[in-house]
$ cat run.txt   # compact mmCIF, N, CA and C atoms
# COMPACT_ATOMS: atom_id res chain seq x y z
N MET F 1 52.20 17.42 42.38
CA MET F 1 51.46 17.02 41.20
C MET F 1 52.05 15.75 40.59
N ARG F 2 53.37 15.63 40.60
CA ARG F 2 54.03 14.46 40.04
C ARG F 2 53.69 13.22 40.86
N ARG F 3 53.64 13.36 42.16
CA ARG F 3 53.30 12.25 43.04
C ARG F 3 51.88 11.77 42.76
N ARG F 4 50.97 12.69 42.53
CA ARG F 4 49.58 12.34 42.24
C ARG F 4 49.48 11.54 40.94
N ARG F 5 50.20 11.99 39.90
CA ARG F 5 50.18 11.27 38.62
C ARG F 5 50.74 9.86 38.78
N THR F 6 51.81 9.73 39.54
CA THR F 6 52.39 8.42 39.77
C THR F 6 51.40 7.52 40.50
N PHE F 7 50.76 8.07 41.51
CA PHE F 7 49.77 7.30 42.27
C PHE F 7 48.61 6.86 41.37
N LEU F 8 48.11 7.75 40.54
CA LEU F 8 47.00 7.43 39.64
C LEU F 8 47.41 6.37 38.61
N ALA F 9 48.64 6.47 38.13
CA ALA F 9 49.14 5.47 37.18
C ALA F 9 49.23 4.09 37.83
N LEU F 10 49.73 4.04 39.05
CA LEU F 10 49.81 2.77 39.76
C LEU F 10 48.43 2.22 40.09
N ALA F 11 47.51 3.09 40.46
CA ALA F 11 46.14 2.66 40.75
C ALA F 11 45.47 2.10 39.51
N ALA F 12 45.76 2.65 38.36
CA ALA F 12 45.19 2.16 37.11
C ALA F 12 45.73 0.77 36.76
N LEU F 13 46.93 0.45 37.18
CA LEU F 13 47.53 -0.85 36.88
C LEU F 13 47.13 -1.94 37.88
N LEU F 14 46.53 -1.58 38.99
CA LEU F 14 46.18 -2.54 40.04
C LEU F 14 45.32 -3.69 39.55
N PRO F 15 44.25 -3.48 38.78
CA PRO F 15 43.47 -4.63 38.32
C PRO F 15 44.28 -5.61 37.47
N PHE F 16 45.22 -5.09 36.66
CA PHE F 16 46.05 -5.97 35.85
C PHE F 16 47.01 -6.76 36.72
N ALA F 17 47.58 -6.14 37.72
CA ALA F 17 48.50 -6.83 38.62
C ALA F 17 47.77 -7.92 39.39
N ARG F 18 46.52 -7.67 39.79
CA ARG F 18 45.74 -8.65 40.51
C ARG F 18 45.47 -9.88 39.65
N ARG F 19 45.15 -9.67 38.37
CA ARG F 19 44.89 -10.78 37.46
C ARG F 19 46.16 -11.58 37.19
N VAL F 20 47.30 -10.89 37.07
CA VAL F 20 48.57 -11.58 36.85
C VAL F 20 48.88 -12.45 38.07
N ARG F 21 48.64 -11.92 39.28
CA ARG F 21 48.87 -12.69 40.49
C ARG F 21 47.95 -13.91 40.53
N ALA F 22 46.70 -13.74 40.13
CA ALA F 22 45.77 -14.87 40.09
C ALA F 22 46.23 -15.91 39.07
N GLN F 23 46.73 -15.46 37.92
CA GLN F 23 47.24 -16.40 36.92
C GLN F 23 48.44 -17.16 37.47
N ALA F 24 49.31 -16.48 38.21
CA ALA F 24 50.47 -17.14 38.78
C ALA F 24 50.06 -18.17 39.82
N ASN F 25 48.95 -17.93 40.52
CA ASN F 25 48.45 -18.85 41.54
C ASN F 25 47.63 -19.98 40.95
N ALA F 26 47.43 -19.99 39.63
CA ALA F 26 46.51 -20.93 39.01
C ALA F 26 47.02 -22.37 39.02
N HIS F 27 48.28 -22.60 39.33
CA HIS F 27 48.81 -23.96 39.34
C HIS F 27 48.17 -24.76 40.47
N VAL F 28 47.71 -25.94 40.18
CA VAL F 28 47.10 -26.79 41.19
C VAL F 28 47.97 -28.02 41.40
N ARG F 29 47.89 -28.59 42.59
CA ARG F 29 48.65 -29.80 42.89
C ARG F 29 47.93 -31.01 42.30
N THR F 30 48.51 -31.61 41.30
CA THR F 30 47.86 -32.75 40.65
C THR F 30 48.02 -34.04 41.45
N THR F 31 48.76 -33.99 42.56
CA THR F 31 48.89 -35.17 43.42
C THR F 31 47.82 -35.20 44.50
N ASP F 32 47.00 -34.19 44.57
CA ASP F 32 45.91 -34.13 45.54
C ASP F 32 44.95 -35.29 45.27
N PRO F 33 44.67 -36.15 46.26
CA PRO F 33 43.80 -37.32 46.03
C PRO F 33 42.40 -36.96 45.51
N LEU F 34 41.84 -35.86 45.98
CA LEU F 34 40.53 -35.43 45.49
C LEU F 34 40.60 -35.07 44.01
N LEU F 35 41.64 -34.37 43.63
CA LEU F 35 41.82 -33.99 42.23
C LEU F 35 42.12 -35.20 41.35
N VAL F 36 42.92 -36.12 41.84
CA VAL F 36 43.24 -37.34 41.09
C VAL F 36 41.98 -38.16 40.86
N SER F 37 41.10 -38.26 41.86
CA SER F 37 39.86 -39.02 41.67
C SER F 37 38.94 -38.33 40.67
N PHE F 38 38.98 -37.02 40.58
CA PHE F 38 38.16 -36.28 39.62
C PHE F 38 38.73 -36.39 38.20
N THR F 39 40.03 -36.22 38.06
CA THR F 39 40.66 -36.20 36.72
C THR F 39 41.10 -37.57 36.24
N LYS F 40 41.05 -38.58 37.10
CA LYS F 40 41.54 -39.93 36.78
C LYS F 40 42.99 -39.90 36.33
N GLY F 41 43.77 -38.98 36.93
CA GLY F 41 45.20 -38.88 36.64
C GLY F 41 45.57 -38.00 35.47
N ALA F 42 44.60 -37.44 34.76
CA ALA F 42 44.91 -36.56 33.63
C ALA F 42 45.53 -35.25 34.12
N SER F 43 46.28 -34.59 33.27
CA SER F 43 46.91 -33.33 33.66
C SER F 43 45.87 -32.21 33.69
N VAL F 44 46.10 -31.26 34.57
CA VAL F 44 45.24 -30.09 34.72
C VAL F 44 46.03 -28.87 34.28
N MET F 45 45.51 -28.17 33.29
CA MET F 45 46.22 -27.02 32.73
C MET F 45 45.62 -25.72 33.26
N PRO F 46 46.46 -24.74 33.54
CA PRO F 46 45.94 -23.44 33.97
C PRO F 46 45.35 -22.68 32.78
N GLY F 47 44.27 -21.96 33.02
CA GLY F 47 43.65 -21.16 31.97
C GLY F 47 42.23 -21.59 31.68
N ARG F 48 41.56 -20.84 30.83
CA ARG F 48 40.17 -21.04 30.39
C ARG F 48 39.15 -20.92 31.51
N VAL F 49 39.53 -21.14 32.75
CA VAL F 49 38.62 -21.03 33.89
C VAL F 49 38.91 -19.71 34.59
N HIS F 50 37.84 -19.01 34.97
CA HIS F 50 37.99 -17.74 35.70
C HIS F 50 37.22 -17.86 37.01
N LEU F 51 37.95 -17.87 38.11
CA LEU F 51 37.38 -17.96 39.44
C LEU F 51 37.33 -16.56 40.04
N ASP F 52 36.15 -16.14 40.43
CA ASP F 52 35.97 -14.80 40.97
C ASP F 52 35.34 -14.89 42.35
N LEU F 53 36.07 -14.45 43.37
CA LEU F 53 35.55 -14.35 44.71
C LEU F 53 36.28 -13.23 45.42
N PRO F 54 35.68 -12.66 46.47
CA PRO F 54 36.33 -11.52 47.12
C PRO F 54 37.65 -11.92 47.76
N LYS F 55 38.61 -11.03 47.72
CA LYS F 55 39.94 -11.30 48.30
C LYS F 55 39.86 -11.40 49.83
N ILE F 56 39.08 -10.50 50.45
CA ILE F 56 38.94 -10.50 51.91
C ILE F 56 37.46 -10.35 52.28
N PRO F 57 36.71 -11.45 52.36
CA PRO F 57 35.31 -11.34 52.76
C PRO F 57 35.21 -11.09 54.27
N ASP F 58 34.10 -10.51 54.69
CA ASP F 58 33.90 -10.22 56.11
C ASP F 58 33.77 -11.50 56.93
N THR F 59 33.11 -12.49 56.38
CA THR F 59 32.87 -13.73 57.09
C THR F 59 33.00 -14.90 56.13
N GLY F 60 33.32 -16.06 56.66
CA GLY F 60 33.41 -17.25 55.84
C GLY F 60 32.10 -18.00 55.73
N TYR F 61 31.03 -17.49 56.33
CA TYR F 61 29.74 -18.18 56.32
C TYR F 61 29.04 -18.15 54.97
N PHE F 62 29.21 -17.10 54.20
CA PHE F 62 28.59 -17.03 52.87
C PHE F 62 29.44 -16.16 51.97
N VAL F 63 30.39 -16.80 51.30
CA VAL F 63 31.31 -16.10 50.41
C VAL F 63 30.80 -16.26 48.98
N PRO F 64 30.52 -15.14 48.30
CA PRO F 64 30.03 -15.25 46.91
C PRO F 64 31.12 -15.78 45.99
N LEU F 65 30.71 -16.64 45.08
CA LEU F 65 31.62 -17.33 44.18
C LEU F 65 31.03 -17.29 42.78
N ASN F 66 31.88 -17.00 41.81
CA ASN F 66 31.47 -17.06 40.40
C ASN F 66 32.57 -17.77 39.63
N VAL F 67 32.19 -18.76 38.84
CA VAL F 67 33.14 -19.49 38.01
C VAL F 67 32.63 -19.45 36.58
N SER F 68 33.48 -19.01 35.67
CA SER F 68 33.13 -19.03 34.25
C SER F 68 34.25 -19.74 33.49
N VAL F 69 33.86 -20.39 32.41
CA VAL F 69 34.81 -21.15 31.59
C VAL F 69 34.67 -20.69 30.15
N GLU F 70 35.80 -20.44 29.51
CA GLU F 70 35.79 -20.06 28.09
C GLU F 70 35.46 -21.29 27.26
N SER F 71 34.23 -21.33 26.76
CA SER F 71 33.76 -22.46 25.97
C SER F 71 32.60 -22.01 25.10
N PRO F 72 32.53 -22.50 23.85
CA PRO F 72 31.41 -22.11 22.99
C PRO F 72 30.11 -22.80 23.38
N MET F 73 30.16 -23.83 24.21
CA MET F 73 29.00 -24.58 24.68
C MET F 73 28.18 -25.14 23.51
N THR F 74 28.87 -25.80 22.59
CA THR F 74 28.22 -26.50 21.48
C THR F 74 28.25 -28.00 21.77
N GLU F 75 27.57 -28.78 20.95
CA GLU F 75 27.59 -30.23 21.12
C GLU F 75 29.01 -30.79 21.10
N ALA F 76 29.84 -30.25 20.23
CA ALA F 76 31.20 -30.75 20.07
C ALA F 76 32.17 -30.22 21.11
N ASP F 77 31.90 -29.05 21.68
CA ASP F 77 32.83 -28.40 22.61
C ASP F 77 32.04 -27.72 23.73
N HIS F 78 31.98 -28.38 24.88
CA HIS F 78 31.24 -27.81 26.01
C HIS F 78 31.86 -28.25 27.34
N VAL F 79 31.42 -27.61 28.39
CA VAL F 79 31.88 -27.93 29.75
C VAL F 79 30.97 -29.01 30.32
N ARG F 80 31.58 -30.04 30.87
CA ARG F 80 30.80 -31.12 31.49
C ARG F 80 30.63 -30.90 32.99
N THR F 81 31.75 -30.64 33.67
CA THR F 81 31.72 -30.56 35.13
C THR F 81 32.65 -29.46 35.61
N ILE F 82 32.23 -28.77 36.66
CA ILE F 82 33.08 -27.81 37.35
C ILE F 82 33.14 -28.25 38.81
N LEU F 83 34.34 -28.41 39.33
CA LEU F 83 34.56 -28.78 40.72
C LEU F 83 35.25 -27.61 41.42
N VAL F 84 34.74 -27.21 42.58
CA VAL F 84 35.36 -26.16 43.39
C VAL F 84 35.88 -26.81 44.67
N ILE F 85 37.17 -26.60 44.93
CA ILE F 85 37.83 -27.19 46.09
C ILE F 85 38.30 -26.07 47.02
N ALA F 86 37.94 -26.17 48.29
CA ALA F 86 38.45 -25.27 49.33
C ALA F 86 39.44 -26.09 50.15
N GLU F 87 40.71 -25.82 49.99
CA GLU F 87 41.76 -26.69 50.52
C GLU F 87 41.77 -26.83 52.05
N ALA F 88 41.28 -25.84 52.80
CA ALA F 88 41.33 -25.91 54.26
C ALA F 88 40.00 -26.29 54.90
N ASN F 89 38.98 -26.56 54.11
CA ASN F 89 37.69 -26.95 54.66
C ASN F 89 37.70 -28.41 55.11
N PRO F 90 36.89 -28.77 56.11
CA PRO F 90 36.79 -30.18 56.49
C PRO F 90 36.28 -31.05 55.34
N VAL F 91 35.29 -30.55 54.61
CA VAL F 91 34.82 -31.19 53.38
C VAL F 91 35.31 -30.29 52.26
N ARG F 92 36.35 -30.75 51.56
CA ARG F 92 37.06 -29.87 50.62
C ARG F 92 36.35 -29.65 49.30
N ASP F 93 35.58 -30.62 48.82
CA ASP F 93 34.86 -30.42 47.56
C ASP F 93 33.54 -29.71 47.86
N VAL F 94 33.59 -28.38 47.82
CA VAL F 94 32.45 -27.58 48.25
C VAL F 94 31.35 -27.46 47.20
N CYS F 95 31.68 -27.55 45.93
CA CYS F 95 30.67 -27.43 44.86
C CYS F 95 31.00 -28.35 43.70
N TRP F 96 29.98 -28.98 43.17
CA TRP F 96 30.05 -29.72 41.92
C TRP F 96 28.94 -29.16 41.03
N PHE F 97 29.29 -28.75 39.83
CA PHE F 97 28.30 -28.25 38.88
C PHE F 97 28.39 -29.12 37.62
N TYR F 98 27.25 -29.57 37.14
CA TYR F 98 27.19 -30.39 35.92
C TYR F 98 26.50 -29.58 34.83
N LEU F 99 27.19 -29.41 33.71
CA LEU F 99 26.67 -28.61 32.60
C LEU F 99 26.62 -29.46 31.34
N GLY F 100 26.01 -28.91 30.31
CA GLY F 100 25.95 -29.55 29.01
C GLY F 100 25.84 -28.49 27.94
N PRO F 101 25.77 -28.89 26.69
CA PRO F 101 25.72 -27.90 25.61
C PRO F 101 24.47 -27.03 25.64
N ARG F 102 23.40 -27.51 26.24
CA ARG F 102 22.16 -26.73 26.28
C ARG F 102 22.16 -25.66 27.38
N ALA F 103 23.22 -25.62 28.18
CA ALA F 103 23.32 -24.62 29.24
C ALA F 103 23.47 -23.20 28.68
N GLY F 104 23.99 -23.09 27.47
CA GLY F 104 24.13 -21.78 26.83
C GLY F 104 25.41 -21.06 27.20
N ARG F 105 25.67 -20.92 28.49
CA ARG F 105 26.91 -20.29 28.97
C ARG F 105 27.54 -21.18 30.02
N ALA F 106 28.84 -21.18 30.05
CA ALA F 106 29.58 -21.95 31.05
C ALA F 106 29.91 -21.02 32.21
N GLU F 107 28.89 -20.67 32.97
CA GLU F 107 29.07 -19.77 34.11
C GLU F 107 28.12 -20.18 35.23
N VAL F 108 28.67 -20.29 36.43
CA VAL F 108 27.89 -20.67 37.60
C VAL F 108 28.21 -19.72 38.75
N SER F 109 27.23 -19.53 39.62
CA SER F 109 27.41 -18.69 40.80
C SER F 109 26.81 -19.39 42.01
N SER F 110 27.41 -19.14 43.15
CA SER F 110 26.91 -19.72 44.39
C SER F 110 27.49 -18.95 45.56
N ARG F 111 27.15 -19.38 46.73
CA ARG F 111 27.78 -18.89 47.97
C ARG F 111 28.32 -20.11 48.69
N ILE F 112 29.54 -20.00 49.20
CA ILE F 112 30.18 -21.13 49.86
C ILE F 112 30.62 -20.76 51.26
N ARG F 113 30.83 -21.78 52.08
CA ARG F 113 31.38 -21.58 53.43
C ARG F 113 32.86 -21.90 53.39
N LEU F 114 33.65 -21.07 54.07
CA LEU F 114 35.10 -21.28 54.09
C LEU F 114 35.62 -21.32 55.52
N ASN F 115 36.52 -22.24 55.77
CA ASN F 115 37.11 -22.43 57.08
C ASN F 115 38.42 -21.66 57.19
N GLY F 116 38.34 -20.35 57.17
CA GLY F 116 39.53 -19.52 57.35
C GLY F 116 40.27 -19.23 56.06
N THR F 117 41.42 -18.58 56.22
CA THR F 117 42.26 -18.19 55.09
C THR F 117 42.77 -19.43 54.37
N GLN F 118 42.66 -19.44 53.05
CA GLN F 118 43.03 -20.63 52.29
C GLN F 118 43.06 -20.36 50.79
N ARG F 119 43.34 -21.39 50.05
CA ARG F 119 43.33 -21.35 48.60
C ARG F 119 42.07 -22.07 48.11
N VAL F 120 41.39 -21.45 47.15
CA VAL F 120 40.20 -22.04 46.53
C VAL F 120 40.57 -22.33 45.08
N VAL F 121 40.22 -23.53 44.62
CA VAL F 121 40.57 -23.97 43.27
C VAL F 121 39.31 -24.37 42.53
N ALA F 122 39.20 -23.96 41.27
CA ALA F 122 38.10 -24.39 40.40
C ALA F 122 38.71 -25.16 39.24
N VAL F 123 38.19 -26.37 39.00
CA VAL F 123 38.67 -27.21 37.91
C VAL F 123 37.48 -27.57 37.02
N ALA F 124 37.64 -27.38 35.72
CA ALA F 124 36.57 -27.69 34.77
C ALA F 124 36.99 -28.83 33.86
N GLN F 125 36.07 -29.76 33.65
CA GLN F 125 36.27 -30.84 32.70
C GLN F 125 35.49 -30.50 31.44
N LEU F 126 36.18 -30.49 30.30
CA LEU F 126 35.53 -30.20 29.03
C LEU F 126 35.14 -31.49 28.32
N SER F 127 34.31 -31.36 27.31
CA SER F 127 33.80 -32.53 26.59
C SER F 127 34.90 -33.32 25.87
N ASP F 128 36.02 -32.68 25.58
CA ASP F 128 37.13 -33.40 24.93
C ASP F 128 38.00 -34.16 25.93
N GLY F 129 37.63 -34.11 27.21
CA GLY F 129 38.37 -34.82 28.25
C GLY F 129 39.48 -34.02 28.89
N SER F 130 39.70 -32.78 28.47
CA SER F 130 40.75 -31.95 29.06
C SER F 130 40.25 -31.29 30.34
N PHE F 131 41.20 -30.94 31.21
CA PHE F 131 40.89 -30.30 32.47
C PHE F 131 41.63 -28.97 32.55
N TRP F 132 40.92 -27.93 32.97
CA TRP F 132 41.47 -26.58 33.07
C TRP F 132 41.16 -26.05 34.45
N SER F 133 41.99 -25.09 34.93
CA SER F 133 41.80 -24.63 36.30
C SER F 133 42.15 -23.17 36.51
N ASP F 134 41.70 -22.67 37.64
CA ASP F 134 42.09 -21.36 38.16
C ASP F 134 42.06 -21.49 39.67
N ALA F 135 42.85 -20.68 40.34
CA ALA F 135 42.91 -20.72 41.80
C ALA F 135 43.03 -19.31 42.34
N ALA F 136 42.60 -19.14 43.58
CA ALA F 136 42.70 -17.83 44.23
C ALA F 136 42.95 -18.05 45.71
N ASP F 137 43.80 -17.21 46.26
CA ASP F 137 44.03 -17.20 47.70
C ASP F 137 43.05 -16.22 48.31
N ILE F 138 42.43 -16.62 49.42
CA ILE F 138 41.42 -15.79 50.06
C ILE F 138 41.72 -15.70 51.55
N GLU F 139 41.56 -14.51 52.09
CA GLU F 139 41.80 -14.26 53.51
C GLU F 139 40.46 -14.06 54.21
N VAL F 140 40.06 -15.03 55.02
CA VAL F 140 38.77 -15.00 55.70
C VAL F 140 38.97 -14.51 57.13
N ARG F 141 38.23 -13.49 57.51
CA ARG F 141 38.37 -12.92 58.85
C ARG F 141 37.67 -13.76 59.91
N GLU F 142 36.54 -14.37 59.57
CA GLU F 142 35.79 -15.19 60.53
C GLU F 142 35.49 -16.53 59.88
N ALA F 143 36.09 -17.60 60.40
CA ALA F 143 35.92 -18.93 59.82
C ALA F 143 34.52 -19.45 60.04
N ALA F 144 34.03 -20.26 59.09
CA ALA F 144 32.67 -20.77 59.17
C ALA F 144 32.58 -22.23 59.54
N CYS F 145 33.59 -23.01 59.26
CA CYS F 145 33.50 -24.46 59.41
C CYS F 145 34.19 -24.96 60.68
N THR F 146 34.16 -24.20 61.73
CA THR F 146 34.89 -24.56 62.94
C THR F 146 34.26 -25.70 63.71
N ASP F 147 32.97 -26.00 63.47
CA ASP F 147 32.30 -27.08 64.19
C ASP F 147 32.41 -28.43 63.51
N GLY F 148 33.13 -28.48 62.36
CA GLY F 148 33.31 -29.73 61.65
C GLY F 148 32.25 -29.98 60.60
N ASN F 149 31.24 -29.15 60.53
CA ASN F 149 30.19 -29.29 59.49
C ASN F 149 30.43 -28.28 58.41
N ALA F 150 30.64 -28.75 57.20
CA ALA F 150 30.82 -27.83 56.08
C ALA F 150 29.50 -27.63 55.46
$ encode --input "run.txt" --output "structure tokens"
Amino acid sequence: MRRRRTFLALAALLPFARRVRAQANAHVRTTDPLLVSFTKGASVMPGRVHLDLPKIPDTGYFVPLNVSVESPMTEADHVRTILVIAEANPVRDVCWFYLGPRAGRAEVSSRIRLNGTQRVVAVAQLSDGSFWSDAADIEVREAACTDGNA
């Protein structure tokens, strides 16, 4: 009975541990040329962006992706652009989303192709010029971009 309680307690903490691990992985390399061209050299801070994708998808051909940004989406404070980077893909900038205050919510969804196990990064540019990010490591069982076409 004691073993069962311990197991249930650990199972209840699993979602929190997963989010902490994702927060720890949120640091992005600001020396990446793709990121430098997007941010024009500005610093990228972890937080405000929530990247949600499966940890181990069956295939890399269509991986569901959801990105949300904590923003009131008003004229004075809104999300302008969201960039999603797949670090191991032949074409690394897999998604660009352009938003404005009339979007209502700073949330986008799509399906992306991934070339094997890698790190996926989402970077959001806000109307005040700041950049925020989140990252996730994903283990793909069947790569999709093996022919060079992303």
$ atom_distance --input "run.txt" --atom1 "atom CA of Glu107 of chain F" --atom2 "atom CA of Glu75 of chain F"
16.7 Å
$ residues_around --input "run.txt" --residues "segment 42-51 of chain F" --least-positions-apart "4" --cutoff "7 Å" --atoms "only N, CA and C atoms" --output "JSON, numbers by chain"
{"F": [26, 27, 28, 30, 36, 38, 65, 66, 67, 68, 69, 70, 71, 122, 124, 130, 131, 132, 133, 134, 135, 136]}
$ closest_residue --input "run.txt" --among "F:Asn115, F:Thr31, F:Gln125, F:Ser37" --to "Ile82 of chain F" --atoms "all atoms listed in the file"
F:Gln125
$ atom_distance --input "run.txt" --atom1 "atom C of Pro54 of chain F" --atom2 "atom N of Pro33 of chain F"
25.3 Å
$ closest_residue --input "run.txt" --among "F:Ile112, F:Leu126, F:Ala143, F:Val79" --to "Val94 of chain F" --atoms "only N, CA and C atoms"
F:Ile112
$ atom_distance --input "run.txt" --atom1 "atom CA of Cys145 of chain F" --atom2 "atom CA of Gly116 of chain F"
8.1 Å
$ residues_around --input "run.txt" --residues "Leu83 of chain F" --least-positions-apart "5" --cutoff "6 Å" --atoms "only C-alpha atoms" --output "PDB file with N, CA and C atoms, in the coordinates of the input"
ATOM      1  N   CYS F  95      31.680 -27.550  45.930  1.00  0.00           N
ATOM      2  CA  CYS F  95      30.670 -27.430  44.860  1.00  0.00           C
ATOM      3  C   CYS F  95      31.000 -28.350  43.700  1.00  0.00           C
ATOM      4  N   TRP F  96      29.980 -28.980  43.170  1.00  0.00           N
ATOM      5  CA  TRP F  96      30.050 -29.720  41.920  1.00  0.00           C
ATOM      6  C   TRP F  96      28.940 -29.160  41.030  1.00  0.00           C
ATOM      7  N   ALA F 122      39.200 -23.960  41.270  1.00  0.00           N
ATOM      8  CA  ALA F 122      38.100 -24.390  40.400  1.00  0.00           C
ATOM      9  C   ALA F 122      38.710 -25.160  39.240  1.00  0.00           C
ATOM     10  N   VAL F 123      38.190 -26.370  39.000  1.00  0.00           N
ATOM     11  CA  VAL F 123      38.670 -27.210  37.910  1.00  0.00           C
ATOM     12  C   VAL F 123      37.480 -27.570  37.020  1.00  0.00           C
TER      13      VAL F 123
END
$ select_by_dssp --input "run.txt" --residues "segment 102-134 of chain F" --states "strand (DSSP E)" --output "number ranges by chain"
F: 107-112, 118-126, 131-134
$ closest_residue --input "run.txt" --among "F:Leu114, F:Leu34, F:Val120, F:Ala103" --to "Tyr61 of chain F" --atoms "all atoms listed in the file"
F:Leu114
